[in-house]
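Content type PDB, C-alpha atoms, pLDDT in the B column, from the file data-v1.pdb:
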```
ATOM      1  CA  MET A   1      -1.363   0.952  16.009  1.00 43.00           C
ATOM      2  CA  ALA A   2       1.016   1.085  18.953  1.00 44.00           C
ATOM      3  CA  PRO A   3       4.144   3.213  18.363  1.00 46.00           C
ATOM      4  CA  ASP A   4       6.500   0.242  18.745  1.00 46.00           C
ATOM      5  CA  VAL A   5       4.540  -1.758  16.162  1.00 41.00           C
ATOM      6  CA  LEU A   6       4.524   1.224  13.831  1.00 46.00           C
ATOM      7  CA  ALA A   7       8.290   1.628  14.217  1.00 48.00           C
ATOM      8  CA  ARG A   8       8.852  -2.039  13.324  1.00 48.00           C
ATOM      9  CA  ALA A   9       6.753  -1.590  10.184  1.00 58.00           C
ATOM     10  CA  GLN A  10       8.943   1.278   8.965  1.00 70.00           C
ATOM     11  CA  VAL A  11      11.389  -0.148   6.466  1.00 73.00           C
ATOM     12  CA  PHE A  12      12.729   2.512   4.146  1.00 86.00           C
ATOM     13  CA  THR A  13      13.005   1.515   0.518  1.00 92.00           C
ATOM     14  CA  PRO A  14      16.320   2.036  -1.254  1.00 93.00           C
ATOM     15  CA  ARG A  15      16.021   4.540  -4.103  1.00 95.00           C
ATOM     16  CA  ALA A  16      17.073   1.940  -6.704  1.00 96.00           C
ATOM     17  CA  VAL A  17      14.193  -0.346  -5.657  1.00 95.00           C
ATOM     18  CA  ALA A  18      11.708   2.546  -5.807  1.00 96.00           C
ATOM     19  CA  GLU A  19      12.996   3.470  -9.269  1.00 95.00           C
ATOM     20  CA  LEU A  20      12.556  -0.127 -10.470  1.00 95.00           C
ATOM     21  CA  ALA A  21       8.972  -0.295  -9.160  1.00 94.00           C
ATOM     22  CA  LEU A  22       8.168   3.013 -10.861  1.00 93.00           C
ATOM     23  CA  THR A  23       9.746   1.834 -14.117  1.00 92.00           C
ATOM     24  CA  LEU A  24       7.438  -1.184 -14.078  1.00 92.00           C
ATOM     25  CA  ALA A  25       4.385   0.822 -13.060  1.00 93.00           C
ATOM     26  CA  LEU A  26       4.833   3.808 -15.369  1.00 91.00           C
ATOM     27  CA  GLU A  27       6.135   2.155 -18.532  1.00 89.00           C
ATOM     28  CA  GLY A  28       4.064   3.374 -21.461  1.00 84.00           C
ATOM     29  CA  ARG A  29       1.832   5.484 -19.225  1.00 78.00           C
ATOM     30  CA  SER A  30       0.569   8.988 -19.888  1.00 71.00           C
ATOM     31  CA  ALA A  31       2.076  12.016 -18.171  1.00 67.00           C
ATOM     32  CA  ARG A  32      -1.446  12.659 -16.865  1.00 77.00           C
ATOM     33  CA  ASP A  33      -1.492   9.515 -14.766  1.00 86.00           C
ATOM     34  CA  SER A  34      -1.704   9.916 -11.002  1.00 93.00           C
ATOM     35  CA  VAL A  35       0.740   8.173  -8.665  1.00 96.00           C
ATOM     36  CA  LEU A  36      -0.023   7.194  -5.062  1.00 97.00           C
ATOM     37  CA  ASP A  37       2.232   5.702  -2.413  1.00 98.00           C
ATOM     38  CA  PRO A  38      -0.128   4.478   0.336  1.00 96.00           C
ATOM     39  CA  ALA A  39       2.546   4.252   3.043  1.00 95.00           C
ATOM     40  CA  CYS A  40       4.944   6.859   1.730  1.00 96.00           C
ATOM     41  CA  GLY A  41       7.346   6.956   4.670  1.00 94.00           C
ATOM     42  CA  ASP A  42      10.203   9.283   3.788  1.00 94.00           C
ATOM     43  CA  GLY A  43       8.831   9.884   0.274  1.00 97.00           C
ATOM     44  CA  VAL A  44      11.315   7.988  -1.886  1.00 97.00           C
ATOM     45  CA  PHE A  45       8.632   6.691  -4.308  1.00 97.00           C
ATOM     46  CA  LEU A  46       7.130  10.179  -4.539  1.00 98.00           C
ATOM     47  CA  ALA A  47      10.534  11.757  -5.238  1.00 97.00           C
ATOM     48  CA  CYS A  48      11.246   9.144  -7.908  1.00 96.00           C
ATOM     49  CA  ALA A  49       7.879   9.826  -9.568  1.00 95.00           C
ATOM     50  CA  LEU A  50       8.701  13.532  -9.700  1.00 95.00           C
ATOM     51  CA  ALA A  51      12.167  12.742 -11.110  1.00 94.00           C
ATOM     52  CA  ARG A  52      10.446  10.734 -13.880  1.00 92.00           C
ATOM     53  CA  GLY A  53       8.461  13.798 -14.868  1.00 91.00           C
ATOM     54  CA  VAL A  54       5.130  13.117 -13.182  1.00 93.00           C
ATOM     55  CA  ALA A  55       3.624  16.509 -12.366  1.00 95.00           C
ATOM     56  CA  PRO A  56       3.665  17.308  -8.634  1.00 96.00           C
ATOM     57  CA  ALA A  57      -0.107  17.865  -8.709  1.00 96.00           C
ATOM     58  CA  ARG A  58      -0.481  14.202  -9.731  1.00 96.00           C
ATOM     59  CA  VAL A  59       1.765  12.722  -7.030  1.00 97.00           C
ATOM     60  CA  PHE A  60       0.122  11.665  -3.745  1.00 98.00           C
ATOM     61  CA  GLY A  61       1.221   9.999  -0.558  1.00 98.00           C
ATOM     62  CA  VAL A  62      -0.519   8.751   2.559  1.00 97.00           C
ATOM     63  CA  GLU A  63       1.480   8.337   5.753  1.00 95.00           C
ATOM     64  CA  LEU A  64       0.330   7.418   9.258  1.00 91.00           C
ATOM     65  CA  ASP A  65       3.377   8.975  10.949  1.00 92.00           C
ATOM     66  CA  ALA A  66       3.158  12.792  10.901  1.00 95.00           C
ATOM     67  CA  GLU A  67       6.935  13.229  11.267  1.00 94.00           C
ATOM     68  CA  LEU A  68       7.582  10.996   8.273  1.00 94.00           C
ATOM     69  CA  ALA A  69       4.952  12.891   6.277  1.00 96.00           C
ATOM     70  CA  VAL A  70       7.023  16.045   6.819  1.00 97.00           C
ATOM     71  CA  ARG A  71      10.115  14.242   5.502  1.00 96.00           C
ATOM     72  CA  ALA A  72       8.151  13.004   2.487  1.00 97.00           C
ATOM     73  CA  ARG A  73       6.981  16.543   1.684  1.00 98.00           C
ATOM     74  CA  GLN A  74      10.576  17.756   1.880  1.00 97.00           C
ATOM     75  CA  GLN A  75      11.854  14.986  -0.385  1.00 96.00           C
ATOM     76  CA  ALA A  76       8.991  15.412  -2.898  1.00 98.00           C
ATOM     77  CA  PRO A  77       8.218  19.143  -3.099  1.00 97.00           C
ATOM     78  CA  GLY A  78       4.781  19.849  -4.518  1.00 97.00           C
ATOM     79  CA  ALA A  79       3.443  16.347  -3.948  1.00 98.00           C
ATOM     80  CA  THR A  80       0.361  16.017  -1.760  1.00 98.00           C
ATOM     81  CA  VAL A  81       1.084  14.007   1.375  1.00 98.00           C
ATOM     82  CA  LYS A  82      -1.793  13.352   3.748  1.00 97.00           C
ATOM     83  CA  VAL A  83      -1.395  12.126   7.297  1.00 97.00           C
ATOM     84  CA  GLY A  84      -3.773   9.262   7.893  1.00 94.00           C
ATOM     85  CA  ALA A  85      -4.577   5.612   7.362  1.00 91.00           C
ATOM     86  CA  PHE A  86      -4.505   4.262   3.813  1.00 94.00           C
ATOM     87  CA  LEU A  87      -7.291   1.781   4.555  1.00 90.00           C
ATOM     88  CA  ALA A  88      -9.637   4.798   4.794  1.00 90.00           C
ATOM     89  CA  HIS A  89      -8.422   6.203   1.438  1.00 90.00           C
ATOM     90  CA  GLU A  90     -11.092   6.214  -1.275  1.00 90.00           C
ATOM     91  CA  GLN A  91      -9.663   8.243  -4.157  1.00 91.00           C
ATOM     92  CA  LYS A  92      -9.117   6.255  -7.374  1.00 94.00           C
ATOM     93  CA  MET A  93      -5.622   6.394  -8.852  1.00 94.00           C
ATOM     94  CA  SER A  94      -4.093   5.198 -12.094  1.00 94.00           C
ATOM     95  CA  THR A  95      -0.802   4.085 -10.509  1.00 96.00           C
ATOM     96  CA  ILE A  96      -0.127   2.860  -6.985  1.00 97.00           C
ATOM     97  CA  VAL A  97       3.424   2.074  -5.919  1.00 97.00           C
ATOM     98  CA  GLY A  98       5.123   1.491  -2.628  1.00 96.00           C
ATOM     99  CA  ASN A  99       6.411  -0.709   0.113  1.00 94.00           C
ATOM    100  CA  PRO A 100       3.457  -1.520   2.397  1.00 92.00           C
ATOM    101  CA  PRO A 101       3.961  -2.011   6.126  1.00 89.00           C
ATOM    102  CA  TYR A 102       4.706  -5.534   7.239  1.00 81.00           C
ATOM    103  CA  VAL A 103       3.007  -6.068  10.581  1.00 83.00           C
ATOM    104  CA  ARG A 104       2.070  -9.562  11.683  1.00 79.00           C
ATOM    105  CA  HIS A 105      -1.592 -10.057  12.462  1.00 77.00           C
ATOM    106  CA  GLU A 106      -0.761 -10.920  16.073  1.00 80.00           C
ATOM    107  CA  SER A 107       0.844  -7.475  16.517  1.00 84.00           C
ATOM    108  CA  LEU A 108      -2.184  -5.545  15.288  1.00 84.00           C
ATOM    109  CA  SER A 109      -4.544  -4.033  17.819  1.00 85.00           C
ATOM    110  CA  PRO A 110      -8.098  -5.402  17.888  1.00 87.00           C
ATOM    111  CA  GLY A 111      -9.255  -2.091  16.402  1.00 85.00           C
ATOM    112  CA  MET A 112      -6.821  -2.381  13.497  1.00 84.00           C
ATOM    113  CA  ARG A 113      -7.828  -6.004  12.890  1.00 83.00           C
ATOM    114  CA  GLY A 114     -11.440  -4.844  12.720  1.00 84.00           C
ATOM    115  CA  ALA A 115     -10.498  -2.039  10.312  1.00 84.00           C
ATOM    116  CA  VAL A 116      -8.744  -4.564   8.047  1.00 83.00           C
ATOM    117  CA  ALA A 117     -11.780  -6.885   8.069  1.00 84.00           C
ATOM    118  CA  ASP A 118     -14.161  -3.977   7.422  1.00 85.00           C
ATOM    119  CA  CYS A 119     -12.005  -2.710   4.568  1.00 85.00           C
ATOM    120  CA  LEU A 120     -11.929  -6.143   2.894  1.00 83.00           C
ATOM    121  CA  ARG A 121     -15.714  -6.530   3.228  1.00 85.00           C
ATOM    122  CA  ARG A 122     -16.296  -3.032   1.839  1.00 87.00           C
ATOM    123  CA  ASP A 123     -13.829  -3.335  -1.053  1.00 86.00           C
ATOM    124  CA  TRP A 124     -14.439  -6.966  -2.022  1.00 84.00           C
ATOM    125  CA  PRO A 125     -17.983  -7.997  -1.018  1.00 83.00           C
ATOM    126  CA  GLU A 126     -17.934 -10.784  -3.609  1.00 81.00           C
ATOM    127  CA  LEU A 127     -15.323 -12.755  -1.661  1.00 75.00           C
ATOM    128  CA  CYS A 128     -16.770 -15.704   0.196  1.00 71.00           C
ATOM    129  CA  ALA A 129     -16.747 -15.736   3.990  1.00 74.00           C
ATOM    130  CA  ARG A 130     -13.859 -18.223   4.046  1.00 73.00           C
ATOM    131  CA  GLU A 131     -11.675 -15.976   1.863  1.00 75.00           C
ATOM    132  CA  HIS A 132     -12.536 -12.954   4.019  1.00 73.00           C
ATOM    133  CA  LYS A 133     -11.663 -14.879   7.154  1.00 73.00           C
ATOM    134  CA  THR A 134      -8.352 -16.146   5.766  1.00 72.00           C
ATOM    135  CA  LEU A 135      -7.289 -12.712   4.533  1.00 73.00           C
ATOM    136  CA  ALA A 136      -8.564 -10.714   7.508  1.00 71.00           C
ATOM    137  CA  ALA A 137      -8.028 -13.111  10.392  1.00 70.00           C
ATOM    138  CA  ARG A 138      -4.401 -14.135   9.853  1.00 71.00           C
ATOM    139  CA  ALA A 139      -2.830 -11.942   7.205  1.00 74.00           C
ATOM    140  CA  ASP A 140      -0.015  -9.493   7.586  1.00 77.00           C
ATOM    141  CA  LEU A 141      -1.066  -5.845   7.259  1.00 85.00           C
ATOM    142  CA  ALA A 142       0.657  -5.712   3.860  1.00 84.00           C
ATOM    143  CA  VAL A 143      -2.027  -8.055   2.482  1.00 84.00           C
ATOM    144  CA  ALA A 144      -4.725  -5.555   3.426  1.00 86.00           C
ATOM    145  CA  PHE A 145      -2.728  -2.858   1.624  1.00 90.00           C
ATOM    146  CA  VAL A 146      -2.562  -4.997  -1.524  1.00 89.00           C
ATOM    147  CA  ALA A 147      -6.302  -5.695  -1.472  1.00 89.00           C
ATOM    148  CA  HIS A 148      -7.240  -2.074  -0.761  1.00 92.00           C
ATOM    149  CA  ALA A 149      -4.786  -0.734  -3.344  1.00 95.00           C
ATOM    150  CA  LEU A 150      -6.411  -2.914  -5.991  1.00 92.00           C
ATOM    151  CA  ALA A 151      -9.797  -1.461  -5.028  1.00 93.00           C
ATOM    152  CA  CYS A 152      -8.342   2.067  -5.345  1.00 95.00           C
ATOM    153  CA  LEU A 153      -7.022   1.536  -8.873  1.00 94.00           C
ATOM    154  CA  ARG A 154      -8.803   3.096 -11.812  1.00 93.00           C
ATOM    155  CA  PRO A 155      -9.703   0.681 -14.641  1.00 93.00           C
ATOM    156  CA  GLY A 156      -6.485  -0.129 -16.483  1.00 92.00           C
ATOM    157  CA  GLY A 157      -4.383   1.090 -13.550  1.00 93.00           C
ATOM    158  CA  ARG A 158      -1.154  -0.473 -12.369  1.00 94.00           C
ATOM    159  CA  LEU A 159       0.050  -1.564  -8.955  1.00 94.00           C
ATOM    160  CA  ALA A 160       3.728  -2.136  -8.100  1.00 95.00           C
ATOM    161  CA  PHE A 161       4.483  -3.070  -4.495  1.00 94.00           C
ATOM    162  CA  VAL A 162       7.649  -4.311  -2.855  1.00 92.00           C
ATOM    163  CA  LEU A 163       6.510  -7.530  -1.167  1.00 86.00           C
ATOM    164  CA  SER A 164       8.316 -10.141   0.851  1.00 80.00           C
ATOM    165  CA  GLN A 165       8.559 -13.628  -0.637  1.00 78.00           C
ATOM    166  CA  ALA A 166       7.857 -14.907   2.876  1.00 70.00           C
ATOM    167  CA  MET A 167       4.351 -13.504   2.578  1.00 72.00           C
ATOM    168  CA  PHE A 168       3.574 -16.065  -0.106  1.00 72.00           C
ATOM    169  CA  ASP A 169       4.803 -19.009   1.959  1.00 75.00           C
ATOM    170  CA  THR A 170       1.823 -18.805   4.312  1.00 73.00           C
ATOM    171  CA  ARG A 171      -1.792 -19.941   4.161  1.00 71.00           C
ATOM    172  CA  TYR A 172      -2.948 -16.339   3.840  1.00 71.00           C
ATOM    173  CA  GLY A 173      -0.322 -15.878   1.103  1.00 71.00           C
ATOM    174  CA  GLN A 174      -1.962 -18.693  -0.819  1.00 74.00           C
ATOM    175  CA  ALA A 175      -5.310 -16.974  -0.291  1.00 71.00           C
ATOM    176  CA  LEU A 176      -3.789 -13.707  -1.536  1.00 74.00           C
ATOM    177  CA  CYS A 177      -2.503 -15.430  -4.687  1.00 75.00           C
ATOM    178  CA  ALA A 178      -5.952 -16.913  -5.310  1.00 74.00           C
ATOM    179  CA  PHE A 179      -7.488 -13.476  -4.738  1.00 72.00           C
ATOM    180  CA  LEU A 180      -5.047 -11.873  -7.186  1.00 75.00           C
ATOM    181  CA  ALA A 181      -5.798 -14.514  -9.822  1.00 73.00           C
TER     182      ALA A 181
END
```

So that I can check it, write out the structure of this file as structure tokens.
Amino acid sequence: MAPDVLARAQVFTPRAVAELALTLALEGRSARDSVLDPACGDGVFLACALARGVAPARVFGVELDAELAVRARQQAPGATVKVGAFLAHEQKMSTIVGNPPYVRHESLSPGMRGAVADCLRRDWPELCAREHKTLAARADLAVAFVAHALACLRPGGRLAFVLSQAMFDTRYGQALCAFLA
């Protein structure tokens, strides 16, 4: 992704919002559950998970921006933060929380569009070609994060993402809702 596109996708989540998402995701869960933030940014979700008593060895983050990964490690000591692309992540987790990047399809590089399409085909081969096309050909990058996060959940796992209502007012948003159902 181009640096300017990446910078536009960086919206830092207020701590209160991260705490709410974690409350929803971790309610009634075991202390042995793992927590992943797939676009951890400055690490607010990771820090909140640690504050809730999740063991540092069970708290994980993925961040594309190496400088932000350093900030996340500082804010969430002991958590594992990897620099890389979440769409290549394969480890199963019991809890996934976060605020995925919002990048319009038109702003994605051809390589990133291909990575999104490949990820959807790999994770959800049972989707029909029309659903793949709608989700991969027009959708915001956040939609790919939702679909991939669902594929990375362990059975019985929970996903809590901060998503824009505007995402659901689009054709691909309707396809996402159908996919989620």

Taking the file above as input, evaluate the PyMOL selection byres ((chain A and resi 58) around 7) and report the hits as an mmCIF file with C-alpha atoms, in the coordinates of the input.
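And here's part15.cif as it stands now:
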```
data_model
loop_
_atom_site.group_PDB
_atom_site.id
_atom_site.type_symbol
_atom_site.label_atom_id
_atom_site.label_comp_id
_atom_site.auth_asym_id
_atom_site.auth_seq_id
_atom_site.Cartn_x
_atom_site.Cartn_y
_atom_site.Cartn_z
ATOM 1 C CA ASP A 33 -1.492 9.515 -14.766
ATOM 2 C CA SER A 34 -1.704 9.916 -11.002
ATOM 3 C CA VAL A 35 0.740 8.173 -8.665
ATOM 4 C CA VAL A 54 5.130 13.117 -13.182
ATOM 5 C CA ALA A 55 3.624 16.509 -12.366
ATOM 6 C CA PRO A 56 3.665 17.308 -8.634
ATOM 7 C CA ALA A 57 -0.107 17.865 -8.709
ATOM 8 C CA VAL A 59 1.765 12.722 -7.030
ATOM 9 C CA PHE A 60 0.122 11.665 -3.745
#
```

Minimum-distance residue to Ala160 in chain A, chosen among A:Gln174, A:Ser94, A:Thr134, A:Ser107 (using only C-alpha atoms) | A:Ser94

Fewer than 2 positions away in the same chain doesn't count, so skip those; otherwise give me all residues within 6 Å of range 41-45 of chain A, counting only C-alpha atoms, as a PyMOL selection string.
-> chain A and resi 18+39+47-48+68+71-72+75

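Atom pair CA of Val11 in chain A / CA of Met93 in chain A has a distance of 23.8 Å (rounded to one decimal).
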
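Taking CA of Pro77 in chain A as the reference point, CA of Val17 in chain A is found at 20.5 Å.
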
Between CA of Arg171 in chain A and CA of Asp37 in chain A lies a distance of 26.8 Å

Using all atoms listed in the file, which residues sit within 10 Å of Pro101 in chain A once same-chain residues fewer than 3 positions away are excluded, as an MDAnalysis selection string?
-> chainID A and resid 6:11 38:41 98 104 140:145 162:163

Return as a tab-separated table the residues of range 54-95 of chain A lying at most 12 Å from range 109-122 of chain A, together with the closest atom-to-atom pair for each and the distance in Å to one decimal, counting only C-alpha atoms, with rows in chain order and ascending residue number.
```
residue	atom	partner	partner_atom	distance
A:Ala85	CA	A:Ala115	CA	10.1
A:Phe86	CA	A:Cys119	CA	10.3
A:Leu87	CA	A:Cys119	CA	6.5
A:Ala88	CA	A:Cys119	CA	7.9
A:His89	CA	A:Cys119	CA	10.1
A:Glu90	CA	A:Cys119	CA	10.7
```

For range 62-77 of chain A, take all atoms listed in the file, fit an axis-aligned box around them, add 5 Å to each of the six sides, then output centre and edge lengths in Å rounded to one decimal, as AutoDock Vina command-line options.
```
--center_x 5.7 --center_y 13.3 --center_z 4.1 --size_x 22.4 --size_y 21.7 --size_z 24.4
```

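Using all atoms listed in the file, the nearest neighbour of Tyr102 in chain A within the list A:Glu27, A:Ala16, A:Ala151, A:Ser164 is A:Ser164.
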
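Remark: for Val81 in chain A, the closest of the candidate residues A:Leu36, A:Gly157, A:Gly53, A:Leu108 is A:Leu36 (distances computed over only C-alpha atoms).
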
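Among the candidates A:Gly28, A:Gly173, A:Pro14, A:Pro125, the residue lying nearest to Arg158 in chain A is A:Gly28 (atoms considered: all atoms listed in the file).
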
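Taking all atoms listed in the file into account, Phe179 in chain A lies nearest to A:Leu135 out of the set A:Leu135, A:Cys152, A:Leu50, A:Leu24.
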
Measuring atom to atom with all atoms listed in the file, identify which of A:Leu150, A:Met167, A:Leu176, A:Ala66 is nearest to Thr95 in chain A.
-> A:Leu150

Starting from the shown file, work through the PyMOL selection byres ((chain A and resi 83) around 8) and note down what comes out as an MDAnalysis selection string.
-> chainID A and resid 62:66 69 81:82 84:85
